[in-house]
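Asker: CSV, C-alpha atoms, file final.csv:
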```
chain,number,residue,atom,x,y,z
C,18,MET,CA,90.9,-14.9,19.7
C,19,ALA,CA,88.6,-15.7,16.8
C,20,ASP,CA,85.6,-13.5,16.2
C,21,SER,CA,82.3,-14.8,17.4
C,22,LYS,CA,79.0,-14.6,15.4
C,23,LEU,CA,78.1,-11.7,17.6
C,24,ASP,CA,81.3,-9.9,16.6
C,25,ARG,CA,80.6,-10.5,13.0
C,26,MET,CA,77.1,-9.2,13.3
C,27,GLY,CA,78.2,-6.1,15.1
C,28,ASP,CA,76.0,-3.5,16.8
C,29,PHE,CA,72.5,-2.7,15.5
C,30,PRO,CA,72.5,0.5,13.4
C,31,PHE,CA,70.6,2.6,16.0
C,32,THR,CA,73.2,1.6,18.6
C,33,ARG,CA,75.9,2.7,16.2
C,34,LEU,CA,74.1,6.0,15.7
C,35,ALA,CA,73.8,6.6,19.4
C,36,ALA,CA,77.5,6.1,19.8
C,37,LEU,CA,78.2,8.5,16.9
C,38,LEU,CA,76.1,11.2,18.5
C,39,GLU,CA,77.2,10.6,22.1
C,40,GLY,CA,78.0,13.9,23.7
C,41,VAL,CA,76.5,15.9,20.8
C,42,GLU,CA,73.4,17.9,21.7
C,43,PRO,CA,70.9,19.6,19.4
C,44,PRO,CA,70.6,23.4,19.5
C,45,GLU,CA,69.0,24.7,22.7
C,46,GLY,CA,65.4,25.6,22.2
C,47,ARG,CA,65.0,23.7,19.0
C,48,ALA,CA,62.7,20.7,19.1
C,49,PRO,CA,64.4,17.6,17.9
C,50,ILE,CA,62.9,15.9,14.8
C,51,LEU,CA,63.6,12.2,14.7
C,52,MET,CA,63.9,10.9,11.1
C,53,GLN,CA,66.3,8.0,11.6
C,54,ILE,CA,63.7,5.3,12.0
C,55,GLY,CA,60.8,4.3,9.7
C,56,GLU,CA,58.1,4.5,12.4
C,57,PRO,CA,54.7,5.7,11.1
C,58,GLN,CA,53.4,8.6,13.2
C,59,ALA,CA,49.8,8.8,11.9
C,60,ALA,CA,46.9,7.7,14.0
C,61,VAL,CA,46.1,4.0,14.1
C,62,PRO,CA,42.8,3.0,12.5
C,63,THR,CA,40.0,3.4,15.0
C,64,SER,CA,38.7,-0.2,14.3
C,65,VAL,CA,41.8,-1.6,16.0
C,66,LEU,CA,40.7,-0.7,19.5
C,67,ASP,CA,37.2,-1.8,18.9
C,68,ASP,CA,38.3,-5.2,17.7
C,69,ILE,CA,40.7,-5.7,20.5
C,70,SER,CA,38.1,-4.7,23.1
C,71,ALA,CA,35.5,-7.1,21.5
C,72,ASN,CA,37.9,-10.0,21.8
C,73,LEU,CA,39.5,-9.5,25.2
C,74,ASP,CA,38.6,-13.1,26.2
C,75,LEU,CA,41.2,-14.3,23.7
C,76,PHE,CA,43.9,-13.0,26.0
C,77,GLY,CA,43.0,-16.0,28.2
C,78,ARG,CA,43.8,-18.5,25.5
C,79,TYR,CA,47.0,-19.7,23.7
C,80,PRO,CA,46.7,-18.4,20.1
C,81,PRO,CA,47.2,-20.9,17.2
C,82,PRO,CA,50.9,-20.7,16.3
C,83,ALA,CA,50.2,-20.4,12.6
C,84,GLY,CA,47.5,-17.8,13.1
C,85,SER,CA,43.8,-18.0,13.5
C,86,GLU,CA,41.8,-19.3,10.5
C,87,ALA,CA,40.1,-15.9,10.1
C,88,TYR,CA,43.4,-14.1,10.1
C,89,ARG,CA,44.9,-16.3,7.5
C,90,ARG,CA,41.8,-16.2,5.3
C,91,ALA,CA,41.8,-12.4,5.4
C,92,ALA,CA,45.5,-12.2,4.5
C,93,ALA,CA,45.1,-14.7,1.7
C,94,ALA,CA,42.1,-12.8,0.3
C,95,TRP,CA,44.1,-9.6,0.5
C,96,ALA,CA,47.1,-11.0,-1.4
C,97,GLU,CA,44.8,-12.4,-4.1
C,98,ARG,CA,43.2,-9.0,-4.6
C,99,ARG,CA,46.4,-7.0,-4.4
C,100,TYR,CA,48.3,-9.2,-6.8
C,101,ALA,CA,45.5,-10.0,-9.2
C,102,LEU,CA,45.7,-13.7,-8.5
C,103,LYS,CA,42.8,-16.0,-9.3
C,104,PRO,CA,40.4,-16.7,-6.4
C,105,GLY,CA,41.7,-19.6,-4.3
C,106,ALA,CA,45.2,-19.2,-5.7
C,107,ILE,CA,46.5,-19.1,-2.1
C,108,ASN,CA,45.6,-21.8,0.4
C,109,PRO,CA,45.2,-20.0,3.8
C,110,ALA,CA,45.9,-23.3,5.7
C,111,THR,CA,49.2,-24.1,4.0
C,112,GLN,CA,50.5,-21.0,2.1
C,113,ILE,CA,49.9,-18.3,4.7
C,114,LEU,CA,51.6,-18.0,8.1
C,115,ALA,CA,50.8,-15.4,10.7
C,116,THR,CA,53.9,-13.7,12.1
C,117,SER,CA,54.9,-11.1,14.7
C,118,GLY,CA,55.5,-8.3,12.1
C,119,SER,CA,57.9,-9.2,9.3
C,120,ARG,CA,61.3,-8.7,11.0
C,121,GLU,CA,61.2,-11.9,13.1
C,122,ALA,CA,60.1,-14.0,10.2
C,123,LEU,CA,62.7,-12.6,7.8
C,124,PHE,CA,65.4,-13.5,10.4
C,125,GLN,CA,64.0,-17.0,10.9
C,126,ALA,CA,63.8,-17.7,7.2
C,127,ALA,CA,67.6,-17.7,7.0
C,128,LEU,CA,67.8,-20.3,9.8
C,129,VAL,CA,65.3,-22.5,7.9
C,130,ALA,CA,67.0,-22.1,4.5
C,131,ALA,CA,70.4,-22.8,5.9
C,132,ALA,CA,69.1,-26.0,7.7
C,133,LEU,CA,67.6,-27.2,4.4
C,134,LYS,CA,70.7,-26.4,2.4
C,135,GLU,CA,73.4,-27.8,4.6
C,136,PRO,CA,72.7,-31.5,3.9
C,137,GLN,CA,73.1,-30.8,0.2
C,138,LEU,CA,76.6,-29.5,0.5
C,139,ALA,CA,80.0,-31.3,0.7
C,140,ASP,CA,81.7,-31.4,4.1
C,141,GLY,CA,83.3,-28.0,4.9
C,142,VAL,CA,81.3,-26.0,2.4
C,143,ARG,CA,79.2,-23.3,4.1
C,144,PRO,CA,75.9,-22.1,2.8
C,145,ALA,CA,75.7,-18.6,1.5
C,146,ILE,CA,73.1,-15.9,2.0
C,147,LEU,CA,72.9,-13.1,-0.6
C,148,THR,CA,71.7,-9.6,0.2
C,149,PRO,CA,71.5,-6.3,-1.6
C,150,ASN,CA,74.1,-3.8,-0.6
C,151,PRO,CA,72.9,-1.5,1.0
C,152,HIS,CA,70.2,-3.5,2.8
C,153,TYR,CA,67.8,-3.8,5.7
C,154,HIS,CA,70.0,-4.5,8.6
C,155,VAL,CA,68.1,-7.6,9.8
C,156,TYR,CA,69.4,-9.6,6.7
C,157,LEU,CA,73.0,-9.2,8.0
C,158,GLY,CA,72.1,-10.5,11.5
C,159,ALA,CA,70.1,-13.4,10.0
C,160,GLY,CA,72.8,-14.6,7.7
C,161,VAL,CA,75.5,-14.4,10.4
C,162,MET,CA,73.4,-16.2,13.1
C,163,ALA,CA,72.4,-18.9,10.5
C,164,GLY,CA,76.1,-19.7,10.2
C,165,CYS,CA,76.3,-18.7,6.5
C,166,ASP,CA,78.7,-16.7,4.4
C,167,LEU,CA,77.0,-13.4,3.9
C,168,ILE,CA,77.6,-12.1,0.3
C,169,PRO,CA,76.5,-8.5,-0.3
C,170,VAL,CA,75.7,-7.7,-3.9
C,171,PRO,CA,75.8,-4.1,-5.1
C,172,ALA,CA,72.5,-2.2,-5.3
C,173,THR,CA,73.7,1.2,-6.5
C,174,PRO,CA,72.8,3.9,-9.0
C,175,ASP,CA,74.8,2.0,-11.6
C,176,ASN,CA,72.2,-0.8,-11.7
C,177,ASN,CA,69.2,1.3,-10.6
C,178,PHE,CA,69.6,-0.2,-7.1
C,179,THR,CA,68.7,-3.7,-8.3
C,180,PRO,CA,71.2,-6.4,-7.3
C,181,ASP,CA,72.4,-8.6,-10.2
C,182,TYR,CA,72.4,-12.0,-8.4
C,183,SER,CA,72.8,-13.8,-11.7
C,184,ALA,CA,76.3,-12.3,-12.2
C,185,LEU,CA,77.7,-14.4,-9.3
C,186,PRO,CA,79.7,-17.5,-10.1
C,187,PRO,CA,77.6,-20.7,-10.5
C,188,ASP,CA,79.4,-22.4,-7.6
C,189,VAL,CA,78.4,-19.5,-5.3
C,190,LEU,CA,74.8,-19.7,-6.4
C,191,ASP,CA,74.8,-23.5,-6.0
C,192,ARG,CA,75.7,-23.2,-2.3
C,193,THR,CA,73.3,-20.3,-1.7
C,194,ALA,CA,70.6,-21.1,0.8
C,195,LEU,CA,68.6,-17.9,0.6
C,196,VAL,CA,68.5,-14.6,-1.3
C,197,TYR,CA,67.0,-11.4,0.2
C,198,LEU,CA,65.3,-8.8,-1.9
C,199,CYS,CA,63.4,-5.8,-0.6
C,200,THR,CA,61.0,-4.1,-3.0
C,201,PRO,CA,60.1,-1.3,-2.6
C,202,GLY,CA,63.6,-1.0,-1.3
C,203,ASN,CA,64.7,-0.1,2.2
C,204,PRO,CA,66.8,2.2,2.2
C,205,THR,CA,66.8,3.1,-1.5
C,206,GLY,CA,63.1,3.5,-2.2
C,207,THR,CA,63.5,1.6,-5.5
C,208,VAL,CA,61.0,-0.8,-7.1
C,209,THR,CA,62.2,-4.0,-8.6
C,210,GLY,CA,60.7,-4.6,-12.1
C,211,ALA,CA,58.4,-7.5,-12.9
C,212,GLN,CA,60.9,-9.1,-15.3
C,213,ASP,CA,63.7,-8.8,-12.8
C,214,LEU,CA,61.6,-10.4,-10.1
C,215,ALA,CA,60.6,-13.3,-12.4
C,216,ASP,CA,64.3,-13.7,-13.4
C,217,MET,CA,65.3,-13.9,-9.8
C,218,LEU,CA,62.8,-16.6,-9.0
C,219,ALA,CA,63.8,-18.6,-12.0
C,220,LEU,CA,67.4,-18.3,-10.8
C,221,ALA,CA,66.4,-19.5,-7.4
C,222,ARG,CA,64.8,-22.6,-8.8
C,223,ARG,CA,67.8,-23.4,-11.0
C,224,HIS,CA,70.2,-23.3,-8.1
C,225,GLY,CA,67.9,-24.5,-5.4
C,226,PHE,CA,67.8,-21.5,-3.0
C,227,VAL,CA,64.9,-19.6,-1.4
C,228,LEU,CA,64.0,-16.2,-2.8
C,229,ALA,CA,62.8,-14.2,0.2
C,230,VAL,CA,61.0,-11.0,-1.0
C,231,ASP,CA,60.5,-8.4,1.7
C,232,GLU,CA,57.4,-6.5,0.6
C,233,CYS,CA,56.5,-4.6,3.8
C,234,TYR,CA,56.5,-1.2,1.8
C,235,SER,CA,54.3,-2.6,-1.0
C,236,GLU,CA,51.4,-0.4,-0.3
C,237,ILE,CA,53.3,2.9,-0.1
C,238,TRP,CA,53.5,3.8,-3.8
C,239,PHE,CA,53.0,7.0,-5.8
C,240,ASP,CA,52.4,6.1,-9.4
C,241,ARG,CA,51.4,2.4,-9.7
C,242,PRO,CA,51.4,-0.5,-7.4
C,243,PRO,CA,54.8,-2.4,-7.4
C,244,THR,CA,54.9,-6.0,-8.7
C,245,GLY,CA,55.1,-8.6,-6.0
C,246,GLY,CA,56.8,-12.0,-5.7
C,247,LEU,CA,53.5,-13.9,-6.0
C,248,GLU,CA,52.9,-12.2,-9.3
C,249,ALA,CA,56.4,-13.2,-10.5
C,250,ALA,CA,55.6,-16.8,-9.7
C,251,VAL,CA,52.3,-16.6,-11.7
C,252,ALA,CA,54.2,-15.0,-14.6
C,253,LEU,CA,56.6,-18.0,-14.6
C,254,ASP,CA,54.1,-20.8,-13.9
C,255,GLY,CA,50.6,-19.6,-14.9
C,256,PRO,CA,47.6,-19.0,-12.6
C,257,ASP,CA,48.0,-22.4,-10.8
C,258,SER,CA,51.5,-21.6,-9.5
C,259,ASP,CA,52.5,-23.4,-6.3
C,260,PHE,CA,55.0,-20.5,-5.6
C,261,ARG,CA,57.9,-23.0,-5.5
C,262,GLY,CA,61.1,-21.6,-4.0
C,263,LEU,CA,59.4,-18.3,-2.9
C,264,LEU,CA,58.6,-16.7,0.4
C,265,THR,CA,57.0,-13.2,0.5
C,266,PHE,CA,56.8,-11.1,3.7
C,267,ASN,CA,54.4,-8.3,4.6
C,268,SER,CA,52.8,-6.7,7.6
C,269,LEU,CA,50.3,-4.1,8.8
C,270,SER,CA,53.1,-1.9,10.2
C,271,LYS,CA,53.5,0.3,7.2
C,272,ARG,CA,50.4,-0.7,5.1
C,273,SER,CA,48.0,0.3,8.0
C,274,GLY,CA,50.3,2.5,10.1
C,275,ALA,CA,50.1,0.0,13.0
C,276,PRO,CA,53.6,-1.1,13.8
C,277,GLY,CA,52.7,-1.8,17.5
C,278,LEU,CA,50.1,-4.3,16.4
C,279,ARG,CA,52.8,-6.6,15.2
C,280,CYS,CA,50.6,-8.3,12.6
C,281,GLY,CA,52.6,-9.8,9.8
C,282,ILE,CA,52.3,-12.6,7.2
C,283,VAL,CA,54.5,-14.9,5.2
C,284,ALA,CA,53.0,-16.2,1.9
C,285,GLY,CA,54.4,-18.6,-0.7
C,286,ASP,CA,55.7,-22.2,-1.1
C,287,ALA,CA,53.7,-24.5,1.2
C,288,GLU,CA,56.8,-26.7,2.0
C,289,LEU,CA,58.8,-23.7,3.0
C,290,ILE,CA,55.9,-22.3,5.0
C,291,ALA,CA,55.6,-25.6,6.9
C,292,ALA,CA,59.4,-25.6,7.7
C,293,LEU,CA,59.2,-22.0,8.9
C,294,ALA,CA,56.1,-22.9,11.0
C,295,ARG,CA,58.1,-25.7,12.6
C,296,VAL,CA,60.9,-23.4,13.6
C,297,ARG,CA,58.5,-20.8,14.9
C,298,SER,CA,56.7,-23.4,17.0
C,299,TYR,CA,60.0,-23.7,18.9
C,300,GLY,CA,61.1,-20.1,19.1
C,301,GLY,CA,58.6,-17.7,17.5
C,302,ALA,CA,56.4,-15.1,19.0
C,303,THR,CA,52.8,-16.0,18.5
C,304,LEU,CA,50.3,-13.2,17.7
C,305,PRO,CA,47.7,-12.7,20.6
C,306,GLY,CA,44.1,-13.5,19.6
C,307,PRO,CA,42.7,-10.0,20.1
C,308,LEU,CA,45.5,-8.5,17.9
C,309,MET,CA,44.8,-11.1,15.2
C,310,ALA,CA,41.1,-10.1,15.3
C,311,ALA,CA,42.0,-6.5,14.7
C,312,GLY,CA,44.5,-7.5,12.0
C,313,ALA,CA,42.0,-9.7,10.1
C,314,ARG,CA,39.8,-6.6,9.7
C,315,LEU,CA,42.6,-4.4,8.5
C,316,TRP,CA,43.7,-6.9,5.8
C,317,GLY,CA,40.2,-6.7,4.5
C,318,GLU,CA,40.0,-2.9,4.3
C,319,GLU,CA,41.5,-0.5,1.8
C,320,THR,CA,40.1,3.0,2.7
C,321,HIS,CA,42.6,3.6,5.5
C,322,VAL,CA,45.4,2.3,3.2
C,323,GLU,CA,44.5,4.7,0.5
C,324,ALA,CA,44.5,7.6,3.0
C,325,ASN,CA,47.9,6.4,4.3
C,326,ARG,CA,49.3,6.3,0.8
C,327,ALA,CA,48.1,9.8,0.0
C,328,HIS,CA,49.7,11.1,3.2
C,329,TYR,CA,53.1,9.7,2.2
C,330,ARG,CA,52.7,11.0,-1.4
C,331,ARG,CA,52.2,14.5,0.0
C,332,LEU,CA,55.4,14.1,2.2
C,333,VAL,CA,57.4,13.0,-0.8
C,334,GLU,CA,56.1,15.9,-2.9
C,335,LEU,CA,57.0,18.2,-0.1
C,336,ALA,CA,60.5,16.8,0.0
C,337,ASP,CA,60.7,17.2,-3.7
C,338,ASP,CA,59.8,20.9,-3.5
C,339,MET,CA,62.2,21.7,-0.6
C,340,LEU,CA,65.2,19.4,-1.2
C,341,GLY,CA,65.0,18.7,-4.9
C,342,GLY,CA,67.7,21.2,-5.7
C,343,LEU,CA,70.3,19.7,-3.4
C,344,PRO,CA,73.1,17.8,-5.0
C,345,GLY,CA,72.5,14.0,-4.6
C,346,TYR,CA,68.8,14.3,-4.1
C,347,ARG,CA,66.7,11.5,-5.7
C,348,ARG,CA,62.9,11.1,-5.4
C,349,PRO,CA,62.0,7.6,-4.2
C,350,GLU,CA,59.9,5.4,-6.4
C,351,ALA,CA,58.0,4.1,-3.4
C,352,ALA,CA,58.2,3.7,0.4
C,353,PHE,CA,58.9,6.7,2.6
C,354,PHE,CA,62.7,6.9,2.7
C,355,LEU,CA,65.0,9.4,1.2
C,356,TRP,CA,68.4,7.9,0.3
C,357,LEU,CA,70.2,11.2,0.1
C,358,ASP,CA,73.7,11.3,-1.4
C,359,VAL,CA,75.6,13.9,0.7
C,360,ARG,CA,79.1,13.5,-0.8
C,361,GLU,CA,79.0,16.9,-2.6
C,362,THR,CA,77.5,18.7,0.4
C,363,ALA,CA,78.8,17.1,3.6
C,364,GLY,CA,81.4,14.6,2.4
C,365,ASP,CA,80.0,11.5,4.0
C,366,GLY,CA,77.0,10.2,5.8
C,367,GLU,CA,78.4,10.1,9.3
C,368,THR,CA,79.6,13.7,9.0
C,369,ALA,CA,76.2,14.7,7.7
C,370,ALA,CA,74.3,12.9,10.5
C,371,LYS,CA,76.5,14.6,13.2
C,372,ARG,CA,76.0,18.1,11.6
C,373,LEU,CA,72.3,17.7,11.2
C,374,TRP,CA,71.9,16.7,14.9
C,375,ALA,CA,74.3,19.3,16.3
C,376,GLU,CA,73.2,22.2,14.1
C,377,GLU,CA,69.6,21.5,13.4
C,378,GLY,CA,68.3,18.9,15.8
C,379,VAL,CA,67.4,16.5,12.9
C,380,LYS,CA,68.3,12.9,13.5
C,381,ALA,CA,69.2,10.8,10.3
C,382,LEU,CA,70.8,7.4,9.8
C,383,PRO,CA,74.2,7.2,8.1
C,384,GLY,CA,74.0,5.0,5.1
C,385,ARG,CA,77.1,3.2,6.2
C,386,TYR,CA,75.2,1.6,8.9
C,387,MET,CA,73.0,-0.2,6.4
C,388,ALA,CA,75.8,-1.5,4.1
C,389,GLN,CA,78.7,-3.9,4.0
C,390,ALA,CA,82.3,-3.5,2.7
C,391,ASP,CA,82.2,-3.6,-1.0
C,392,GLY,CA,85.7,-4.8,-1.8
C,393,SER,CA,86.8,-1.4,-3.1
C,394,GLY,CA,89.4,-1.1,-0.4
C,395,GLY,CA,89.5,-1.1,3.4
C,396,ASP,CA,86.1,-1.0,5.0
C,397,ALA,CA,84.4,1.3,2.4
C,398,THR,CA,80.8,0.5,1.7
C,399,PRO,CA,78.3,1.8,-1.0
C,400,GLY,CA,76.4,3.6,1.8
C,401,ASP,CA,79.2,5.7,3.0
C,402,GLY,CA,78.2,8.8,1.0
C,403,CYS,CA,74.5,8.7,2.0
C,404,ILE,CA,72.0,9.2,4.8
C,405,ARG,CA,68.6,7.7,5.2
C,406,ILE,CA,65.8,10.1,6.1
C,407,ALA,CA,62.4,8.7,7.1
C,408,LEU,CA,59.4,10.8,5.9
C,409,VAL,CA,57.0,9.7,8.6
C,410,HIS,CA,55.8,12.9,10.4
C,411,GLU,CA,52.9,15.2,9.8
C,412,GLU,CA,53.3,17.7,7.0
C,413,ALA,CA,54.2,20.7,9.1
C,414,VAL,CA,56.9,18.8,11.0
C,415,THR,CA,58.2,17.3,7.7
C,416,ALA,CA,58.4,20.8,6.1
C,417,GLU,CA,60.3,22.1,9.1
C,418,ALA,CA,62.7,19.1,8.9
C,419,CYS,CA,63.3,19.7,5.2
C,420,ARG,CA,64.0,23.4,5.8
C,421,ARG,CA,66.6,22.5,8.5
C,422,ILE,CA,68.2,19.7,6.3
C,423,ARG,CA,68.5,22.1,3.4
C,424,ALA,CA,70.0,24.8,5.5
C,425,CYS,CA,72.5,22.5,7.1
C,426,LEU,CA,73.7,20.8,3.9
C,427,THR,CA,73.8,24.1,2.1
C,428,ARG,CA,76.1,25.5,4.8
C,429,ALA,CA,78.3,22.4,4.7
C,430,ALA,CA,78.6,22.6,0.9
C,431,ALA,CA,79.6,26.3,1.1
C,432,GLU,CA,82.3,25.4,3.7
C,433,ARG,CA,83.7,22.6,1.5
C,434,ALA,CA,83.8,25.0,-1.5
C,435,ALA,CA,85.6,27.8,0.4
```
As structure tokens - that is how I would like this structure written.

Answerer:
Amino acid sequence: MADSKLDRMGDFPFTRLAALLEGVEPPEGRAPILMQIGEPQAAVPTSVLDDISANLDLFGRYPPPAGSEAYRRAAAAWAERRYALKPGAINPATQILATSGSREALFQAALVAAALKEPQLADGVRPAILTPNPHYHVYLGAGVMAGCDLIPVPATPDNNFTPDYSALPPDVLDRTALVYLCTPGNPTGTVTGAQDLADMLALARRHGFVLAVDECYSEIWFDRPPTGGLEAAVALDGPDSDFRGLLTFNSLSKRSGAPGLRCGIVAGDAELIAALARVRSYGGATLPGPLMAAGARLWGEETHVEANRAHYRRLVELADDMLGGLPGYRRPEAAFFLWLDVRETAGDGETAAKRLWAEEGVKALPGRYMAQADGSGGDATPGDGCIRIALVHEEAVTAEACRRIRACLTRAAAERAA
């Protein structure tokens, strides 16, 4: 029996992790520390409840599918400030779309891009979707359900975790519908440089595919703010860019520490925004009015974002101090994930994840669950030797977690050396 799309997509990473750890219990009396998921743990800004309470009447109305005018204006103004665009560079009515977080829109973008590409291809030729490898797991599901060939492109230490899409054969690029790029990267914590971003957008335009830049970690940086896709378009076109071929995705989940608010945006090419809005009008979750009211204020504020950023900087510095001596440790450039190479200590990511849970009560995600087979043989992936650790807790909890991680991996390394 042929595999279905569901078979090709496979189980979600956290389902796979639950299966891996089934029957394994953390040490008795030791409080578990959950670091497998990037869920901010800090308090939500106090303005959120105030704004929701002040707009409760909006729960009695259908919200505008594309987002309220106030929400789209606030998001456009934020993007212009953040990326040093000229005032009015983004039209809130046509180049901003309100979304339920960024995940749903990233998924739907593949459906839109495939629908636009298919009529351009000869009979029997399938569109392709390109992703970094490793990658955010939603890209895989989106490509499969869009009926495309999913082509993972290495994002490893050899290329500073920046996929070289231009190295693919021209015939592959010509049938490509959409390319995903996450910067700062999940899971690698790497920032794509300004020139690389501009080169990718130029490549997209030459071959007629959509460049989808996932920027949901854009505000969690430690040295300087990462370049964004909108800036790359301006670098190519000048200040009056129409952002042709580009969609950028962001949300208040990480920026404002409010994942439950589900306030996201897509910004970019007006024609692509219109196509995405059409698909969402059939099957997208519309943001409730009171939540958009709270979100509009958060897009306009930076004080809480700066405090949020400082918090994550302290967590990364703490991890540097406590884990920096471990083989395979690398400080992230941005975002709040450690992409920790455990080959020298534990052998592989699944082994490390099981040991961390069984011996120390720390839950981490095997890197294999965020990667695809790389063609090196069998089902090997570039994530096999890594685990992803989310630095999202308070400092005291993070310090305890780092102590446990170091102890576990040090023991594992000693056993391997014996």

Asker: Taking all atoms listed in the file into account, which of C:Pro109, C:Pro201, C:Gly364, C:Pro344 comes nearest Glu97 of chain C?

Answerer: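 Nearest to Glu97 of chain C: C:Pro109.
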
Asker: Env of Ala352 of chain C: 10 Å cut, atoms = all atoms listed in the file, seq-sep filter 2 positions within chain, self excluded. Answer as a PyMOL selection string.

Answerer: chain C and resi 55+200-208+233-239+271+326+329-330+333+349-350+354-355+407-408

Asker: Arg421 of chain C: which residues within 9 Å, counting only C-alpha atoms, same-chain residues fewer than 6 positions away excluded, as a list in words?

Answerer: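 Surrounding residues, per the criterion: Leu373, Glu376, Glu377, Gly378 and Val379 of chain C.
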
Asker: I want to know what sits within 8 Å of segment 116-127 of chain C, based on all atoms listed in the file, with residues of the same chain fewer than 4 positions away left out; could you give that as a VMD selection string?

Answerer: chain C and resid 83 to 84 131 146 155 to 156 158 to 160 163 194 to 195 229 231 233 266 to 270 276 278 to 283 293 296 to 297 301 to 304

Asker: Counting only C-alpha atoms, which of C:Thr209, C:Gln58, C:Ser21, C:Thr244 gets nearest to Ala275 of chain C?

Answerer: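 Once distances to Ala275 of chain C are computed over only C-alpha atoms, the minimum belongs to C:Gln58.
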
Asker: Interatomic distance between atom CA of Pro43 of chain C and atom CA of Arg372 of chain C?

Answerer: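 Here the two named atoms are 9.4 Å from each other.
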
Asker: Need to verify the contact set: Arg423 of chain C, 9 Å, all atoms listed in the file, exclusion of same-chain residues closer than 4 positions in sequence. Can you return it as an MDAnalysis selection string?

Answerer: chainID C and resid 339:340 343 418:419 427:428

Asker: Looking at C:Ala388, C:Leu357, C:Gly255, C:Gly341, which one is nearest to Lys103 of chain C, with distances taken over only C-alpha atoms?

Answerer: C:Gly255

Asker: Nearest to Arg99 of chain C among C:Glu248, C:Asp259, C:Asp24, C:Asp396, with distances taken over only C-alpha atoms: which residue is it?

Answerer: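 Checking each of C:Glu248, C:Asp259, C:Asp24, C:Asp396 against Arg99 of chain C, counting only C-alpha atoms, the winner is C:Glu248.
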
Asker: Smallest atom-to-atom distance to Tyr386 of chain C: which of C:Leu157, C:Met217, C:Leu247, C:Leu147, using only C-alpha atoms?

Answerer: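 Among the listed residues, the smallest separation from Tyr386 of chain C belongs to C:Leu157.
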
Asker: At a cut-off of 12 Å, using only C-alpha atoms, what residues contact Ala106 of chain C? Leave out same-chain residues fewer than 2 positions from it and give the result as an NGL selection string.

Answerer: :C and (90 or 93-98 or 100-104 or 108-109 or 111-113 or 247-248 or 250-251 or 255-260 or 284-286)

Asker: I'd like to know which of C:Gly77, C:Gly164, C:Pro44, C:Gly312 is closest to Leu23 of chain C, using only C-alpha atoms.

Answerer: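 For Leu23 of chain C, the nearest of the candidates is C:Gly164.
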
Asker: Per residue of segment 168-280 of chain C within 10 Å of segment 150-153 of chain C, what are the shortest atom pair and its distance in Å to one decimal, counting all atoms listed in the file, with rows by chain and residue number, as JSON lines?

Answerer:
```
{"residue": "C:Ile168", "atom": "CA", "partner": "C:Asn150", "partner_atom": "CA", "distance": 9.1}
{"residue": "C:Pro169", "atom": "CA", "partner": "C:Asn150", "partner_atom": "CA", "distance": 5.3}
{"residue": "C:Val170", "atom": "CA", "partner": "C:Asn150", "partner_atom": "CA", "distance": 5.4}
{"residue": "C:Pro171", "atom": "CA", "partner": "C:Asn150", "partner_atom": "CA", "distance": 4.8}
{"residue": "C:Ala172", "atom": "CA", "partner": "C:Asn150", "partner_atom": "CA", "distance": 5.2}
{"residue": "C:Thr173", "atom": "CA", "partner": "C:Asn150", "partner_atom": "CA", "distance": 7.7}
{"residue": "C:Phe178", "atom": "CA", "partner": "C:Asn150", "partner_atom": "CA", "distance": 8.7}
{"residue": "C:Thr179", "atom": "CA", "partner": "C:Asn150", "partner_atom": "CA", "distance": 9.4}
{"residue": "C:Pro180", "atom": "CA", "partner": "C:Asn150", "partner_atom": "CA", "distance": 7.7}
{"residue": "C:Tyr197", "atom": "CA", "partner": "C:His152", "partner_atom": "CA", "distance": 8.9}
{"residue": "C:Leu198", "atom": "CA", "partner": "C:His152", "partner_atom": "CA", "distance": 8.6}
{"residue": "C:Cys199", "atom": "CA", "partner": "C:Tyr153", "partner_atom": "CA", "distance": 7.9}
{"residue": "C:Gly202", "atom": "CA", "partner": "C:His152", "partner_atom": "CA", "distance": 8.2}
{"residue": "C:Asn203", "atom": "CA", "partner": "C:Tyr153", "partner_atom": "CA", "distance": 6.0}
{"residue": "C:Pro204", "atom": "CA", "partner": "C:His152", "partner_atom": "CA", "distance": 6.7}
{"residue": "C:Thr205", "atom": "CA", "partner": "C:Pro151", "partner_atom": "CA", "distance": 8.0}
{"residue": "C:Asp231", "atom": "CA", "partner": "C:Tyr153", "partner_atom": "CA", "distance": 9.5}
```

Asker: Restricted to C-alpha atoms, what would the selected residues look like written as a PDB file, keeping the file's coordinate frame?

Answerer:
```
ATOM      1  CA  ILE C 168      77.600 -12.100   0.300  1.00  0.00           C
ATOM      2  CA  PRO C 169      76.500  -8.500  -0.300  1.00  0.00           C
ATOM      3  CA  VAL C 170      75.700  -7.700  -3.900  1.00  0.00           C
ATOM      4  CA  PRO C 171      75.800  -4.100  -5.100  1.00  0.00           C
ATOM      5  CA  ALA C 172      72.500  -2.200  -5.300  1.00  0.00           C
ATOM      6  CA  THR C 173      73.700   1.200  -6.500  1.00  0.00           C
ATOM      7  CA  PHE C 178      69.600  -0.200  -7.100  1.00  0.00           C
ATOM      8  CA  THR C 179      68.700  -3.700  -8.300  1.00  0.00           C
ATOM      9  CA  PRO C 180      71.200  -6.400  -7.300  1.00  0.00           C
ATOM     10  CA  TYR C 197      67.000 -11.400   0.200  1.00  0.00           C
ATOM     11  CA  LEU C 198      65.300  -8.800  -1.900  1.00  0.00           C
ATOM     12  CA  CYS C 199      63.400  -5.800  -0.600  1.00  0.00           C
ATOM     13  CA  GLY C 202      63.600  -1.000  -1.300  1.00  0.00           C
ATOM     14  CA  ASN C 203      64.700  -0.100   2.200  1.00  0.00           C
ATOM     15  CA  PRO C 204      66.800   2.200   2.200  1.00  0.00           C
ATOM     16  CA  THR C 205      66.800   3.100  -1.500  1.00  0.00           C
ATOM     17  CA  ASP C 231      60.500  -8.400   1.700  1.00  0.00           C
TER      18      ASP C 231
END
```
